[in-house]
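Note sheet for the following structure.
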Amino acid sequence: MAQTSAFPLMLEIERGEGVYLYDKDGKAYIDLIAGIGVSSLGHCHPNVVGAIKAQADKYLHTMVYGEYVLGPQVTLAQRLSDNLPASLNSVYFVNSGAEATEGAMKLAKRYTGRYEIAAFKYAYHGSTQGAASLMWPKDFTQGYHPLLPGIVHLDFNDEKSLESITEHTACVIVETIQAEWGVRKPLPAFIMALRRRCDETGALLVLDEIQTGFGRTGSLFAFEHYGIVPDILLLAKGMGGGMPIGAFIADQQLMSCLSHNPILGHITTFGGHPVSCAASLATLDTLLEGDLIDAVPEKEALFRHYLQHPAIKEVRSAGLLMAVELAGFDVVQAVIHRCLLEGVIIDWFLFNNRSLRIAPPLIITNEEIKTACQVILAAIEDCHN
């Protein structure tokens with residue numbers, strides 16, 4: 001296996017169930033990161049596994065995207081549209097969040113006829129060349145230059161910075177909540193000003209809900225907290241219940257421009273794979289029919305109640321996406337490894353290595369939250385001493 005760091009965790013997983021992962025020796029770990037926000041229903045949720053098995057018995061891959069009518073794709077697209085604002089009615093399925101970003105960038109350029117794209121500093125939208133071009137600072141991309149030209153980087157929560165959005169801007173891509181900067185929420189006035197500025201200049205507003213979608217913040221989608229509607233919505237991660245799938249969603253009038261000049265303006269072989277769509281539909285229906293999303297604020301409050309220690313500088317949260325800020329990277333790494341020894345999995349953030357990442361499955365119980373927090377506090381205490 002190719003490695004992308006010199007210090008992989010080397011945790012060998014034998015199986016997963018609920019909020020737990022089990023290693024080859026049978027040791028249980030409370031998974032507080034859910035595969036970086038992927039396993040919102042925990043590991044091997046019976047509804048998701050059942051949907052996967054049922055679809056696998058029917059058919060797997062058939063033909064490249066859009067050529068055949070496939071029930072799992074159509075039903076999932078309809079269910080998503082039914083639970084989104086009226087203007088978000090056309091769904092293009094892909095395999096990942098980065099691909100959703102790439103599709104949205106192409107769509108915005110094609111629809112507006114403009115070349116410039118605005119993104120925000122300390123945001124992460126994927127590691128493919130186009131998505132990586134949106135990244136700032138350049139620490140993670142400097143080895144791959146030149147990347148895409150025409151990228152403008154703005155300051156998050158700075159209304160003055162929005163003046164850089166002009167009639168040359170095809171779209172503005174922003175995380176509804178900046179995740180990899182250590183969970184930074186938009187100021188309500190800022191996000192409204194961003195929507196207005198896009199309307200004034202004709203730029204499309206693209207909201208990246210790859211980490212925050214599917215209930216993680218206490219609503220099905222995080223933008224529902226802020227009273228705005230994007231022109232394009234990006235989804236992935238928690239969308240598939242553990243299976244690889246993503247999507248970019250827009251109005252049919254906007255999306256239709258990918259069908260001509262040129263024809264096949266965006267194509268994918270495996271996007272909208274029937275098994276992944278079946279898993280995603282089961283995930284969405286489970287969230288919509290149960291009380292998991294409604295329970296997020298209570299569970300968020302419980303984490304915040306327990307996570308108190310003199311060494312904790314700040315706890316930032318947006319539902320069950322949380323950042324626990326400590327003194328620095330060395331302390332964060334020490335706490336992560338101490339927790340791992342005690343059977344709790346936590347992580348850090350790409351653009352904030354001073355903070356612990358907590359993003360558990362939404363099914364986590366109050367008792368499991370208490371147990372996990374006790375382990376984290378003990379690890380912080382040991383490292384603090």
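Convention: chains lettered A, B, ... in structure tokens order; per-chain residue numbering from 1; ligands numbered from 1 as shown.
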Among stretch 74-288 of chain A, which residues carry a DSSP assignment of alpha helix (DSSP H), reported as a ChimeraX atom specification? /A:74-82,97-112,129-133,188-201,252-255,274-288
Could you give me, as a ChimeraX atom specification, each residue of stretch 35-181 of chain A that DSSP assigns to strand (DSSP E or B) when run on this structure's backbone? /A:43,90-94,116-120,151-154,169-175,178
Give me the residues within 8 Å of stretch 240-252 of chain A as a VMD selection string, counting only C-alpha atoms and dropping any in the same chain fewer than 3 places off. chain A and resid 38 to 45 48 87 to 97 99 to 101 103 to 104 231 to 237 255 to 256 271 to 273 276 to 277 279 to 281 283
Set out as CSV a contact list for stretch 303-346 of chain A and stretch 17-21 of chain A with a cut-off of 10 Å, giving each residue of stretch 303-346 of chain A that qualifies its closest atom pair and distance in Å to one decimal, counting only C-alpha atoms, ordered by chain and rising residue number.
```
residue,atom,partner,partner_atom,distance
A:Gly343,CA,A:Leu21,CA,9.3
A:Val344,CA,A:Tyr20,CA,9.1
A:Ile345,CA,A:Leu21,CA,9.2
```
Prev. selection, N, CA and C atoms, output as a tab-separated table (two decimals), in the first residue's frame:
```
chain	number	residue	atom	x	y	z
A	343	GLY	N	-8.42	2.83	23.45
A	343	GLY	CA	-9.58	2.41	22.69
A	343	GLY	C	-10.50	3.51	22.22
A	344	VAL	N	-9.96	4.70	21.97
A	344	VAL	CA	-10.76	5.80	21.42
A	344	VAL	C	-9.99	6.40	20.24
A	345	ILE	N	-10.65	6.54	19.10
A	345	ILE	CA	-10.02	7.07	17.89
A	345	ILE	C	-10.44	8.52	17.69
```
Neighbour list for A:Lys27 as a PyMOL selection string, cut-off 12 Å, only C-alpha atoms, skip fewer than 3 positions in-chain: chain A and resi 11-16+20-24+30+340-344
Selection from above, C-alpha atoms, as a CSV table (one decimal), in the first residue's frame, can you write it?
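Listed below is the output, again-v4.csv:
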```csv
chain,number,residue,atom,x,y,z
A,11,LEU,CA,-4.4,0.0,13.1
A,12,GLU,CA,-5.4,-3.3,11.5
A,13,ILE,CA,-9.2,-3.4,11.4
A,14,GLU,CA,-11.0,-6.8,11.5
A,15,ARG,CA,-14.6,-5.6,11.6
A,16,GLY,CA,-16.9,-2.7,12.5
A,20,TYR,CA,-17.0,0.6,17.3
A,21,LEU,CA,-14.1,-0.7,15.2
A,22,TYR,CA,-12.3,-4.0,16.2
A,23,ASP,CA,-8.7,-4.8,15.5
A,24,LYS,CA,-7.3,-8.3,14.7
A,30,ILE,CA,-14.9,3.9,19.9
A,340,LEU,CA,-5.7,5.0,20.7
A,341,LEU,CA,-4.1,2.9,23.4
A,342,GLU,CA,-7.2,3.3,25.5
A,343,GLY,CA,-9.6,2.4,22.7
A,344,VAL,CA,-10.8,5.8,21.4
```
Leaving out A:Met322 and any residue of its chain fewer than 3 positions from it, which residues lie within 8 Å of it when counting only C-alpha atoms, given as number ranges by chain? A: 182-183, 315-319, 357-359
So which residues touch stretch 124-140 of chain A within 7 Å, counting only C-alpha atoms, skipping near sequence neighbours fewer than 5 positions away, as a PDB file with N, CA and C atoms, in the first residue's frame?
```
ATOM      1  N   GLY A  97     -16.032  13.560  -2.938  1.00  0.00           N
ATOM      2  CA  GLY A  97     -16.172  14.996  -2.758  1.00  0.00           C
ATOM      3  C   GLY A  97     -15.321  15.796  -3.721  1.00  0.00           C
ATOM      4  N   ALA A  98     -14.102  15.340  -3.949  1.00  0.00           N
ATOM      5  CA  ALA A  98     -13.229  16.053  -4.891  1.00  0.00           C
ATOM      6  C   ALA A  98     -13.853  16.084  -6.280  1.00  0.00           C
ATOM      7  N   THR A 101     -16.518  18.662  -6.455  1.00  0.00           N
ATOM      8  CA  THR A 101     -15.912  19.984  -6.623  1.00  0.00           C
ATOM      9  C   THR A 101     -15.523  20.223  -8.076  1.00  0.00           C
ATOM     10  N   GLU A 102     -14.876  19.244  -8.673  1.00  0.00           N
ATOM     11  CA  GLU A 102     -14.455  19.378 -10.069  1.00  0.00           C
ATOM     12  C   GLU A 102     -15.654  19.606 -10.988  1.00  0.00           C
ATOM     13  N   ALA A 119     -12.285  31.231  -3.902  1.00  0.00           N
ATOM     14  CA  ALA A 119     -12.355  30.271  -2.802  1.00  0.00           C
ATOM     15  C   ALA A 119     -11.836  30.963  -1.548  1.00  0.00           C
ATOM     16  N   LEU A 147      -0.807  24.872 -10.975  1.00  0.00           N
ATOM     17  CA  LEU A 147      -2.178  24.389 -10.898  1.00  0.00           C
ATOM     18  C   LEU A 147      -3.053  25.309 -11.756  1.00  0.00           C
ATOM     19  N   LEU A 148      -4.366  25.286 -11.529  1.00  0.00           N
ATOM     20  CA  LEU A 148      -5.262  26.094 -12.350  1.00  0.00           C
ATOM     21  C   LEU A 148      -5.017  27.584 -12.142  1.00  0.00           C
ATOM     22  N   ILE A 151      -7.569  31.646  -9.903  1.00  0.00           N
ATOM     23  CA  ILE A 151      -8.128  31.385  -8.572  1.00  0.00           C
ATOM     24  C   ILE A 151      -7.875  32.589  -7.676  1.00  0.00           C
ATOM     25  N   GLU A 180     -11.669  21.955   7.915  1.00  0.00           N
ATOM     26  CA  GLU A 180     -10.248  21.685   8.115  1.00  0.00           C
ATOM     27  C   GLU A 180      -9.484  22.841   8.757  1.00  0.00           C
TER      28      GLU A 180
END
```
Name all residues at most 8 Å from stretch 217-221 of chain A (count only C-alpha atoms; drop same-chain ones fewer than 2 positions away) and give them as number ranges by chain. A: 209, 212-215, 223-225, 293-297, 318-321
Write the residues you've just listed into a file as a compact mmCIF listing (two decimals), in the first residue's frame, and include C-alpha atoms for each of them.
```
# COMPACT_ATOMS: atom_id res chain seq x y z
CA GLU A 209 -21.37 20.38 2.39
CA THR A 212 -21.42 19.00 7.04
CA GLY A 213 -24.24 17.40 5.06
CA PHE A 214 -26.53 14.56 6.07
CA GLY A 215 -27.37 15.66 9.56
CA PHE A 223 -27.04 25.88 5.04
CA GLU A 224 -30.52 25.47 6.53
CA HIS A 225 -29.18 27.15 9.69
CA ILE A 293 -30.70 14.51 13.45
CA ASP A 294 -32.98 15.94 16.14
CA ALA A 295 -30.72 14.42 18.81
CA VAL A 296 -27.54 16.10 17.51
CA PRO A 297 -27.83 19.32 19.59
CA ALA A 318 -21.22 22.70 14.73
CA GLY A 319 -23.39 19.83 15.90
CA LEU A 320 -21.28 16.67 15.95
CA LEU A 321 -18.38 18.29 14.11
```
What separation in Å, quoted to one decimal, exists between atom CA of A:Pro146 and atom CA of A:Arg184? 29.1 Å
Measuring atom to atom with only C-alpha atoms, identify which of A:Leu207, A:Ala301, A:Ala311, A:Cys171 is nearest to A:Ala108. A:Cys171
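Closest approach to A:Ala334 from the set A:His305, A:Arg197, A:Arg354, A:His61 is made by A:Arg354, with distances taken over only C-alpha atoms.
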